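Coordinates as given in coords23.cif (mmCIF, C-alpha atoms):
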data_start
#
loop_
_atom_site.group_PDB
_atom_site.id
_atom_site.type_symbol
_atom_site.label_atom_id
_atom_site.label_comp_id
_atom_site.auth_asym_id
_atom_site.auth_seq_id
_atom_site.Cartn_x
_atom_site.Cartn_y
_atom_site.Cartn_z
ATOM 1 C CA MET V 1 99.530 126.768 40.351
ATOM 2 C CA VAL V 2 97.069 129.653 40.104
ATOM 3 C CA ASP V 3 98.669 133.123 39.859
ATOM 4 C CA THR V 4 96.621 135.391 42.114
ATOM 5 C CA ALA V 5 98.743 138.568 41.470
ATOM 6 C CA ALA V 6 96.703 141.611 40.377
ATOM 7 C CA ALA V 7 96.851 142.435 36.681
ATOM 8 C CA GLU V 8 99.093 145.404 35.782
ATOM 9 C CA PRO V 9 97.056 148.586 35.299
ATOM 10 C CA GLN V 10 96.788 149.784 31.720
ATOM 11 C CA ALA V 11 97.253 153.422 30.749
ATOM 12 C CA PRO V 12 94.009 155.137 29.755
ATOM 13 C CA PRO V 13 93.629 156.086 26.085
ATOM 14 C CA VAL V 14 94.941 159.496 25.155
ATOM 15 C CA GLN V 15 92.044 161.828 24.486
ATOM 16 C CA ARG V 16 92.663 164.767 22.164
ATOM 17 C CA ARG V 17 91.195 168.105 22.717
ATOM 18 C CA PRO V 18 88.340 168.872 20.388
ATOM 19 C CA GLU V 19 90.408 171.301 18.386
ATOM 20 C CA GLN V 20 93.156 168.673 18.033
ATOM 21 C CA ARG V 21 90.935 165.994 16.658
ATOM 22 C CA ALA V 22 91.180 165.546 12.917
ATOM 23 C CA ALA V 23 88.028 166.182 11.057
ATOM 24 C CA PRO V 24 86.649 163.067 9.506
ATOM 25 C CA SER V 25 86.810 162.886 5.807
ATOM 26 C CA GLN V 26 83.668 162.679 3.830
ATOM 27 C CA GLY V 27 82.208 159.271 3.698
ATOM 28 C CA THR V 28 84.199 158.107 6.660
ATOM 29 C CA ARG V 29 82.195 156.352 9.382
ATOM 30 C CA VAL V 30 82.894 157.657 12.804
ATOM 31 C CA ARG V 31 83.542 154.898 15.388
ATOM 32 C CA PRO V 32 82.984 155.423 19.112
ATOM 33 C CA THR V 33 86.058 155.835 21.235
ATOM 34 C CA GLU V 34 87.530 152.420 21.915
ATOM 35 C CA ARG V 35 87.931 151.431 25.582
ATOM 36 C CA PRO V 36 90.320 148.792 26.911
ATOM 37 C CA ALA V 37 88.792 145.403 27.566
ATOM 38 C CA PRO V 38 88.520 144.619 31.293
ATOM 39 C CA ALA V 39 91.255 142.365 32.719
ATOM 40 C CA PRO V 40 90.092 138.779 33.160
ATOM 41 C CA ALA V 41 89.251 137.859 36.775
ATOM 42 C CA PRO V 42 91.778 135.562 38.406
ATOM 43 C CA ALA V 43 90.684 131.970 38.416
ATOM 44 C CA ARG V 44 89.480 130.627 41.754
ATOM 45 C CA ALA V 45 91.471 127.864 43.376
ATOM 46 C CA SER V 46 89.507 124.688 43.361
ATOM 47 C CA ALA V 47 88.526 123.340 46.775
ATOM 48 C CA PRO V 48 90.642 120.402 47.901
ATOM 49 C CA VAL V 49 88.942 117.066 47.665
ATOM 50 C CA LEU V 50 88.847 115.298 51.037
ATOM 51 C CA GLU V 51 89.277 111.582 50.865
ATOM 52 C CA ALA V 52 87.558 109.367 53.388
ATOM 53 C CA PRO V 53 90.054 107.927 55.894
ATOM 54 C CA THR V 54 90.932 104.366 55.299
ATOM 55 C CA GLU V 55 89.372 102.153 57.975
ATOM 56 C CA THR V 56 91.891 100.105 59.904
ATOM 57 C CA HIS V 57 90.958 96.511 60.415
ATOM 58 C CA PRO V 58 90.635 95.653 64.153
ATOM 59 C CA THR V 59 93.411 93.059 63.900
ATOM 60 C CA ALA V 60 95.791 95.168 61.813
ATOM 61 C CA THR V 61 97.908 96.259 64.791
ATOM 62 C CA LEU V 62 97.908 92.988 66.734
ATOM 63 C CA ILE V 63 101.260 91.325 67.310
ATOM 64 C CA GLY V 64 101.088 87.674 66.374
ATOM 65 C CA SER V 65 104.001 86.511 68.517
ATOM 66 C CA VAL V 66 102.369 87.971 71.623
ATOM 67 C CA GLN V 67 99.106 86.247 70.786
ATOM 68 C CA ARG V 68 100.878 82.921 70.352
ATOM 69 C CA ALA V 69 102.782 83.330 73.620
ATOM 70 C CA MET V 70 99.552 84.089 75.482
ATOM 71 C CA ARG V 71 97.924 80.963 74.034
ATOM 72 C CA LEU V 72 100.853 78.923 75.315
ATOM 73 C CA LEU V 73 100.513 80.432 78.795
ATOM 74 C CA GLU V 74 96.798 79.647 78.831
ATOM 75 C CA SER V 75 97.496 76.091 77.724
ATOM 76 C CA VAL V 76 100.143 75.558 80.414
ATOM 77 C CA ALA V 77 97.716 76.902 83.046
ATOM 78 C CA THR V 78 95.264 74.096 82.258
ATOM 79 C CA HIS V 79 97.831 71.415 83.151
ATOM 80 C CA GLU V 80 98.311 71.235 86.901
ATOM 81 C CA HIS V 81 101.059 68.636 86.544
ATOM 82 C CA GLY V 82 102.813 70.311 83.614
ATOM 83 C CA ALA V 83 102.892 69.494 79.908
ATOM 84 C CA PRO V 84 105.617 68.830 77.296
ATOM 85 C CA ALA V 85 106.305 71.160 74.390
ATOM 86 C CA LYS V 86 104.833 68.803 71.792
ATOM 87 C CA GLN V 87 101.503 68.651 73.609
ATOM 88 C CA LEU V 88 101.404 72.433 74.066
ATOM 89 C CA ALA V 89 102.214 72.997 70.388
ATOM 90 C CA ARG V 90 99.430 70.622 69.369
ATOM 91 C CA GLU V 91 96.871 72.238 71.702
ATOM 92 C CA THR V 92 97.690 75.767 70.506
ATOM 93 C CA GLY V 93 97.991 74.882 66.825
ATOM 94 C CA LEU V 94 101.605 76.080 66.610
ATOM 95 C CA ALA V 95 104.484 74.601 64.688
ATOM 96 C CA LEU V 96 106.810 72.801 67.078
ATOM 97 C CA PRO V 97 109.869 75.049 66.347
ATOM 98 C CA THR V 98 107.739 78.154 66.999
ATOM 99 C CA ALA V 99 106.395 76.675 70.221
ATOM 100 C CA TYR V 100 109.933 75.788 71.397
ATOM 101 C CA HIS V 101 111.148 79.311 70.681
ATOM 102 C CA LEU V 102 108.279 80.951 72.571
ATOM 103 C CA LEU V 103 108.483 78.506 75.467
ATOM 104 C CA ARG V 104 112.219 79.210 75.928
ATOM 105 C CA THR V 105 111.496 82.951 75.926
ATOM 106 C CA LEU V 106 108.726 82.578 78.511
ATOM 107 C CA VAL V 107 111.005 80.486 80.720
ATOM 108 C CA PHE V 108 113.760 83.086 80.441
ATOM 109 C CA GLU V 109 111.337 85.860 81.476
ATOM 110 C CA GLY V 110 110.026 83.857 84.430
ATOM 111 C CA TYR V 111 106.490 83.318 83.166
ATOM 112 C CA LEU V 112 107.133 79.585 82.801
ATOM 113 C CA ARG V 113 109.500 77.121 84.393
ATOM 114 C CA ARG V 114 110.730 73.848 82.958
ATOM 115 C CA ASP V 115 111.204 70.711 85.004
ATOM 116 C CA LYS V 116 112.113 67.339 83.500
ATOM 117 C CA GLY V 117 110.815 68.333 80.076
ATOM 118 C CA LEU V 118 107.503 69.638 81.395
ATOM 119 C CA PHE V 119 106.432 73.262 81.481
ATOM 120 C CA PHE V 120 104.711 74.878 84.478
ATOM 121 C CA LEU V 121 103.593 78.425 85.291
ATOM 122 C CA GLY V 122 106.495 80.455 86.656
ATOM 123 C CA GLU V 123 106.695 83.002 89.447
ATOM 124 C CA ALA V 124 106.015 85.955 87.161
ATOM 125 C CA ALA V 125 102.748 84.410 85.950
ATOM 126 C CA GLU V 126 101.748 83.545 89.521
ATOM 127 C CA ARG V 127 102.347 87.139 90.571
ATOM 128 C CA LEU V 128 100.054 88.289 87.798
ATOM 129 C CA GLY V 129 97.406 85.844 88.928
ATOM 130 C CA SER V 130 97.574 86.857 92.574
ATOM 131 C CA SER V 131 97.459 90.541 91.649
ATOM 132 C CA GLY V 132 94.388 89.929 89.531
ATOM 133 C CA ALA V 133 92.700 88.075 92.399
ATOM 134 C CA ARG V 134 93.448 90.940 94.788
ATOM 135 C CA GLN V 135 92.047 93.439 92.329
ATOM 136 C CA LYS V 136 88.881 91.384 92.003
ATOM 137 C CA ARG V 137 88.480 91.134 95.784
ATOM 138 C CA ARG V 138 89.035 94.868 96.151
ATOM 139 C CA SER V 139 86.485 95.550 93.441
ATOM 140 C CA THR V 140 83.954 93.453 95.374
ATOM 141 C CA VAL V 141 84.450 95.541 98.504
ATOM 142 C CA VAL V 142 84.452 98.862 96.629
ATOM 143 C CA ASP V 143 81.179 97.989 94.885
ATOM 144 C CA ALA V 144 79.593 96.922 98.183
ATOM 145 C CA LEU V 145 80.635 100.143 99.920
ATOM 146 C CA ALA V 146 79.252 102.247 97.078
ATOM 147 C CA HIS V 147 75.960 100.341 97.275
ATOM 148 C CA TRP V 148 75.635 100.930 101.020
ATOM 149 C CA ARG V 149 76.689 104.564 100.636
ATOM 150 C CA ASP V 150 73.873 105.194 98.157
ATOM 151 C CA THR V 151 71.285 103.033 99.929
ATOM 152 C CA ILE V 152 71.795 104.500 103.414
ATOM 153 C CA GLY V 153 72.945 107.968 102.337
ATOM 154 C CA VAL V 154 76.104 108.109 104.456
ATOM 155 C CA PRO V 155 79.856 107.791 103.862
ATOM 156 C CA VAL V 156 81.083 104.240 104.497
ATOM 157 C CA TYR V 157 84.546 103.166 105.694
ATOM 158 C CA TYR V 158 86.233 99.759 105.578
ATOM 159 C CA ALA V 159 89.227 99.059 107.830
ATOM 160 C CA VAL V 160 91.229 96.087 109.112
ATOM 161 C CA TYR V 161 93.700 95.459 111.908
ATOM 162 C CA ARG V 162 96.851 94.100 110.270
ATOM 163 C CA ASP V 163 100.358 93.580 111.637
ATOM 164 C CA GLY V 164 99.544 95.528 114.783
ATOM 165 C CA GLU V 165 98.196 98.580 112.963
ATOM 166 C CA ILE V 166 94.834 100.070 111.988
ATOM 167 C CA GLU V 167 94.519 100.337 108.214
ATOM 168 C CA VAL V 168 91.641 102.142 106.518
ATOM 169 C CA MET V 169 91.392 100.243 103.248
ATOM 170 C CA CYS V 170 88.498 101.955 101.459
ATOM 171 C CA ILE V 171 86.309 105.019 101.897
ATOM 172 C CA SER V 172 83.183 105.605 99.820
ATOM 173 C CA ASP V 173 81.583 109.039 100.029
ATOM 174 C CA THR V 174 79.940 111.730 97.899
ATOM 175 C CA PRO V 175 80.146 115.539 97.793
ATOM 176 C CA ALA V 176 76.745 115.647 99.486
ATOM 177 C CA ASN V 177 77.891 113.226 102.208
ATOM 178 C CA PRO V 178 81.655 113.704 102.601
ATOM 179 C CA ALA V 179 83.889 111.512 104.731
ATOM 180 C CA VAL V 180 85.585 112.770 107.879
ATOM 181 C CA GLN V 181 88.880 114.513 107.172
ATOM 182 C CA GLU V 182 91.836 112.618 108.648
ATOM 183 C CA TRP V 183 93.261 115.572 110.511
ATOM 184 C CA ALA V 184 94.994 113.308 113.078
ATOM 185 C CA ASP V 185 96.638 110.019 112.024
ATOM 186 C CA PHE V 186 94.013 107.255 112.154
ATOM 187 C CA ARG V 187 96.625 104.682 113.211
ATOM 188 C CA GLU V 188 97.793 106.710 116.193
ATOM 189 C CA THR V 189 94.319 107.763 117.331
ATOM 190 C CA GLY V 190 92.499 104.436 117.281
ATOM 191 C CA HIS V 191 91.321 105.075 120.848
ATOM 192 C CA ALA V 192 89.366 108.129 119.656
ATOM 193 C CA HIS V 193 87.341 106.994 116.663
ATOM 194 C CA ALA V 194 84.710 104.300 116.186
ATOM 195 C CA VAL V 195 86.803 102.429 113.608
ATOM 196 C CA GLY V 196 89.735 102.016 116.022
ATOM 197 C CA GLN V 197 87.612 101.202 119.036
ATOM 198 C CA CYS V 198 85.722 98.570 117.041
ATOM 199 C CA LEU V 199 88.959 96.915 115.898
ATOM 200 C CA LEU V 200 90.500 97.030 119.361
ATOM 201 C CA SER V 201 87.349 95.449 120.821
ATOM 202 C CA GLN V 202 87.997 92.350 118.678
ATOM 203 C CA LEU V 203 91.548 91.844 119.994
ATOM 204 C CA ASP V 204 92.513 89.952 123.117
ATOM 205 C CA GLU V 205 93.679 91.888 126.167
ATOM 206 C CA GLN V 206 97.385 91.393 125.472
ATOM 207 C CA ASP V 207 97.115 92.724 121.922
ATOM 208 C CA ARG V 208 95.064 95.691 123.114
ATOM 209 C CA ARG V 209 97.652 96.652 125.708
ATOM 210 C CA ASP V 210 100.440 96.206 123.174
ATOM 211 C CA HIS V 211 98.658 98.558 120.787
ATOM 212 C CA LEU V 212 98.081 101.202 123.461
ATOM 213 C CA GLU V 213 101.726 101.043 124.533
ATOM 214 C CA ARG V 214 102.766 101.874 120.979
ATOM 215 C CA HIS V 215 99.948 104.396 120.465
ATOM 216 C CA PRO V 216 99.123 105.846 123.896
ATOM 217 C CA VAL V 217 95.795 107.488 124.611
ATOM 218 C CA GLN V 218 95.869 111.246 124.144
ATOM 219 C CA ALA V 219 93.201 113.928 124.011
ATOM 220 C CA VAL V 220 92.050 114.612 120.467
ATOM 221 C CA THR V 221 88.906 116.570 121.373
ATOM 222 C CA PRO V 222 87.316 117.466 124.723
ATOM 223 C CA TYR V 223 85.182 114.322 124.344
ATOM 224 C CA THR V 224 88.061 111.841 123.875
ATOM 225 C CA VAL V 225 88.380 109.032 126.432
ATOM 226 C CA ARG V 226 90.621 110.202 129.285
ATOM 227 C CA ASP V 227 93.222 107.432 129.540
ATOM 228 C CA SER V 228 94.023 103.838 128.583
ATOM 229 C CA HIS V 229 92.412 102.418 131.744
ATOM 230 C CA ALA V 230 89.095 104.069 130.923
ATOM 231 C CA LEU V 231 89.326 102.822 127.349
ATOM 232 C CA LEU V 232 90.127 99.256 128.383
ATOM 233 C CA ARG V 233 87.165 99.244 130.782
ATOM 234 C CA ARG V 234 84.928 100.436 127.975
ATOM 235 C CA LEU V 235 86.195 97.726 125.606
ATOM 236 C CA ASP V 236 85.754 95.024 128.251
ATOM 237 C CA ARG V 237 82.091 95.984 128.662
ATOM 238 C CA MET V 238 81.393 95.552 124.963
ATOM 239 C CA ARG V 239 79.660 92.398 123.918
ATOM 240 C CA ARG V 240 81.092 90.446 121.010
ATOM 241 C CA MET V 241 80.053 91.844 117.616
ATOM 242 C CA GLU V 242 78.336 94.823 119.260
ATOM 243 C CA LEU V 243 77.951 98.140 117.437
ATOM 244 C CA VAL V 244 80.482 100.752 118.518
ATOM 245 C CA VAL V 245 79.291 104.368 118.709
ATOM 246 C CA GLU V 246 81.525 107.412 119.111
ATOM 247 C CA ARG V 247 80.302 111.002 119.443
ATOM 248 C CA GLN V 248 82.768 113.801 118.634
ATOM 249 C CA GLU V 249 85.700 111.941 120.196
ATOM 250 C CA TYR V 250 87.796 112.180 117.046
ATOM 251 C CA ALA V 251 86.341 115.194 115.210
ATOM 252 C CA LEU V 252 84.139 117.925 116.620
ATOM 253 C CA GLY V 253 80.786 118.080 114.876
ATOM 254 C CA THR V 254 80.899 114.412 113.801
ATOM 255 C CA VAL V 255 79.390 111.206 115.178
ATOM 256 C CA CYS V 256 80.391 107.706 114.013
ATOM 257 C CA ALA V 257 79.322 104.086 114.364
ATOM 258 C CA ALA V 258 81.212 100.910 113.458
ATOM 259 C CA VAL V 259 80.071 97.355 112.758
ATOM 260 C CA PRO V 260 82.581 94.630 113.776
ATOM 261 C CA ILE V 261 83.459 91.908 111.260
ATOM 262 C CA THR V 262 85.623 88.984 112.340
ATOM 263 C CA ILE V 263 86.581 86.426 109.715
ATOM 264 C CA GLY V 264 89.139 83.872 110.814
ATOM 265 C CA ALA V 265 91.973 85.666 112.556
ATOM 266 C CA THR V 266 91.348 88.992 110.806
ATOM 267 C CA ALA V 267 89.621 91.821 112.664
ATOM 268 C CA ALA V 268 87.762 94.178 110.364
ATOM 269 C CA THR V 269 85.041 96.779 110.521
ATOM 270 C CA LEU V 270 82.621 98.801 108.432
ATOM 271 C CA ALA V 271 81.786 102.237 109.750
ATOM 272 C CA ILE V 272 79.676 105.287 108.951
ATOM 273 C CA SER V 273 79.787 108.930 109.976
ATOM 274 C CA LEU V 274 77.278 111.767 110.172
ATOM 275 C CA PRO V 275 77.299 115.434 111.168
ATOM 276 C CA SER V 276 76.436 115.801 114.844
ATOM 277 C CA ASN V 277 73.237 117.678 113.958
ATOM 278 C CA GLN V 278 72.035 114.394 112.390
ATOM 279 C CA ALA V 279 72.977 112.260 115.406
ATOM 280 C CA ASP V 280 69.432 110.950 115.657
ATOM 281 C CA ARG V 281 70.001 109.070 112.362
ATOM 282 C CA LEU V 282 73.192 107.360 113.526
ATOM 283 C CA LEU V 283 71.833 104.230 115.223
ATOM 284 C CA ILE V 284 69.189 103.612 112.561
ATOM 285 C CA ALA V 285 71.754 103.941 109.765
ATOM 286 C CA ALA V 286 74.251 101.714 111.596
ATOM 287 C CA GLN V 287 71.644 99.001 112.156
ATOM 288 C CA GLN V 288 70.723 99.176 108.486
ATOM 289 C CA LEU V 289 74.390 98.740 107.567
ATOM 290 C CA GLN V 290 74.665 95.803 109.967
ATOM 291 C CA ALA V 291 71.698 94.099 108.293
ATOM 292 C CA GLU V 292 73.177 94.733 104.829
ATOM 293 C CA VAL V 293 76.533 93.279 105.920
ATOM 294 C CA GLY V 294 74.812 90.157 107.159
ATOM 295 C CA ARG V 295 73.322 89.571 103.712
ATOM 296 C CA LEU V 296 76.669 89.996 101.952
ATOM 297 C CA LEU V 297 78.908 88.391 104.538
ATOM 298 C CA GLY V 298 79.746 85.501 102.211
ATOM 299 C CA SER V 299 81.216 87.728 99.492
ATOM 300 C CA LEU V 300 82.940 89.889 102.093
ATOM 301 C CA ALA V 301 84.515 86.822 103.649
ATOM 302 C CA ILE V 302 86.525 86.109 100.519
ATOM 303 C CA SER V 303 87.339 89.797 100.017
ATOM 304 C CA ILE V 304 88.395 90.731 103.536
ATOM 305 C CA SER V 305 92.147 90.820 102.836
ATOM 306 C CA ILE V 306 92.365 93.184 99.865
#
Any chance you could give the structure as structure tokens?
Amino acid sequence: MVDTAAAEPQAPPVQRRPEQRAAPSQGTRVRPTERPAPAPAPARASAPVLEAPTETHPTATLIGSVQRAMRLLESVATHEHGAPAKQLARETGLALPTAYHLLRTLVFEGYLRRDKGLFFLGEAAERLGSSGARQKRRSTVVDALAHWRDTIGVPVYYAVYRDGEIEVMCISDTPANPAVQEWADFRETGHAHAVGQCLLSQLDEQDRRDHLERHPVQAVTPYTVRDSHALLRRLDRMRRMELVVERQEYALGTVCAAVPITIGATAATLAISLPSNQADRLLIAAQQLQAEVGRLLGSLAISISI
């Protein structure tokens, strides 16, 4: 350890007055007054030497038992009619006792089930699979909406009619082209906005009346349809798969258009909105969206129930 304390000061040499100094004897050589040697400077602490961090191998933190269990799950998934432990151990390159131990654990946790000595995927694994499929379908729709948003330059909405209710599933917008603020519940005001009117137009008369009994028509803006009879007449006049246009019926200063999509028994729609001062763009943008949907209808068909 380096001592960095200051050196103790030394007393200066005593100087005699001239009359007190002894006269040098003859032949004596006079030496200059001696001065104290300066204190040595404290030694500097050496800079610490930084060692390069040891690189961790990519597989250093992997857990082998988890890897082996995942290989067993993958192997079981390839056998529709199940497989015995010996076959699974052979396919995964595991010792039979290790395979038995992992298989029993996976059965206990619900990822596998055993029936007559054969192993099958369990409910827990099936839930993982279905969740992954839903995520993939949702990703397909989200990517499509973002593409249309950027291509057409408008916010895009995706909604479905499910279990008697209007559900807005995805909205894709940008700060430059923001979506309409949901200031009144979309489910309760389906009569007022293009999304709701488009979905209701795809239902039969009984389902429409049932919806309006649960969510009666009410004024949202001065432009909202007056009553359920007027709305039903409007919906009856619509041709199948016709564009639905709404001007300031849900939000003042906003116009909307919706494209109907019917796949199987599911009613769905894609919609756009614009500020009312850009109302002249609405039909052109909606027709462009309709053409884009037609090109991607195949991928949307498998992604409709996200």
- Item | Pick from V:Thr269, V:Thr174, V:Gln197, V:Gln288 nearest to Val160 of chain V, counting all atoms listed in the file | V:Thr269
- Message: Evaluated on this file, the PyMOL selection byres ((chain V and resi 210-221) around 10) picks out some residues - which ones are they, written as a VMD selection string?
- Response: chain V and resid 164 to 166 184 187 to 193 200 203 205 to 209 222 to 232 248 to 252
- Message: Would you compute the distance between atom CA of Ala159 of chain V and atom CA of Ala268 of chain V? Give it in Å to one decimal.
- Response: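 Atom CA of Ala159 of chain V sits 5.7 Å away from atom CA of Ala268 of chain V.
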- What do you get, as a PyMOL selection string, if you spell out every residue that the PyMOL selection byres ((chain V and resi 254) around 9) selects here? chain V and resi 180+246-253+255-256+273-279
Expected file: the selected residues, C-alpha atoms, as a PDB file, in the coordinates of the input:
ATOM      1  CA  VAL V 180      85.585 112.770 107.879  1.00  0.00           C
ATOM      2  CA  GLU V 246      81.525 107.412 119.111  1.00  0.00           C
ATOM      3  CA  ARG V 247      80.302 111.002 119.443  1.00  0.00           C
ATOM      4  CA  GLN V 248      82.768 113.801 118.634  1.00  0.00           C
ATOM      5  CA  GLU V 249      85.700 111.941 120.196  1.00  0.00           C
ATOM      6  CA  TYR V 250      87.796 112.180 117.046  1.00  0.00           C
ATOM      7  CA  ALA V 251      86.341 115.194 115.210  1.00  0.00           C
ATOM      8  CA  LEU V 252      84.139 117.925 116.620  1.00  0.00           C
ATOM      9  CA  GLY V 253      80.786 118.080 114.876  1.00  0.00           C
ATOM     10  CA  VAL V 255      79.390 111.206 115.178  1.00  0.00           C
ATOM     11  CA  CYS V 256      80.391 107.706 114.013  1.00  0.00           C
ATOM     12  CA  SER V 273      79.787 108.930 109.976  1.00  0.00           C
ATOM     13  CA  LEU V 274      77.278 111.767 110.172  1.00  0.00           C
ATOM     14  CA  PRO V 275      77.299 115.434 111.168  1.00  0.00           C
ATOM     15  CA  SER V 276      76.436 115.801 114.844  1.00  0.00           C
ATOM     16  CA  ASN V 277      73.237 117.678 113.958  1.00  0.00           C
ATOM     17  CA  GLN V 278      72.035 114.394 112.390  1.00  0.00           C
ATOM     18  CA  ALA V 279      72.977 112.260 115.406  1.00  0.00           C
TER      19      ALA V 279
END
- What does the distance between atom CA of Val293 of chain V and atom CA of Pro178 of chain V come to in Å, to one decimal place?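 These two atoms are separated by 21.3 Å.
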- Query: Could you pull the residues within 8 Å of Arg68 of chain V, counting only C-alpha atoms, minus those fewer than 2 positions along the same chain, as an NGL selection string?
  - Reply: :V and (64-66 or 70-72 or 92 or 94 or 102)
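Atom CA of Leu112 of chain V is found 11.4 Å from atom CA of Ser75 of chain V.
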- Message: Residues within 10 Å of Ile272 of chain V, please, as a VMD selection string. Count only C-alpha atoms; anything in the same chain fewer than 3 positions from it doesn't count.
- Response: chain V and resid 148 to 149 152 to 158 171 to 173 179 to 180 194 to 195 245 255 to 259 282 285 to 286 289
- Item | Pick from V:Gln287, V:Cys170, V:Leu121, V:Glu109 nearest to Ala146 of chain V, counting all atoms listed in the file |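 Once distances to Ala146 of chain V are computed over all atoms listed in the file, the minimum belongs to V:Cys170.
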- Message: Just want the 10 Å neighbourhood of Pro97 of chain V, counted on all atoms listed in the file, with same-chain residues fewer than 5 positions away dropped. Output as number ranges by chain.
- Response: V: 85-86, 89, 102-103
Generate a file of the selected residues that holds C-alpha atoms, formatted as a PDB file, in the frame of the given file.
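Generated file (out38.pdb):
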ATOM      1  CA  ALA V  85     106.305  71.160  74.390  1.00  0.00           C
ATOM      2  CA  LYS V  86     104.833  68.803  71.792  1.00  0.00           C
ATOM      3  CA  ALA V  89     102.214  72.997  70.388  1.00  0.00           C
ATOM      4  CA  LEU V 102     108.279  80.951  72.571  1.00  0.00           C
ATOM      5  CA  LEU V 103     108.483  78.506  75.467  1.00  0.00           C
TER       6      LEU V 103
END
- Could you pull out every residue with an atom within 12 Å of (111.5, 79.5, 77.6), file coordinates, counting all atoms listed in the file, and send them as a VMD selection string? chain V and resid 69 72 to 73 85 98 to 115 117 to 122
- Taking only C-alpha atoms into account, which of V:His147, V:Arg239, V:Arg295, V:Gly196 comes nearest Val168 of chain V?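 Nearest candidate to Val168 of chain V out of V:His147, V:Arg239, V:Arg295, V:Gly196: V:Gly196.
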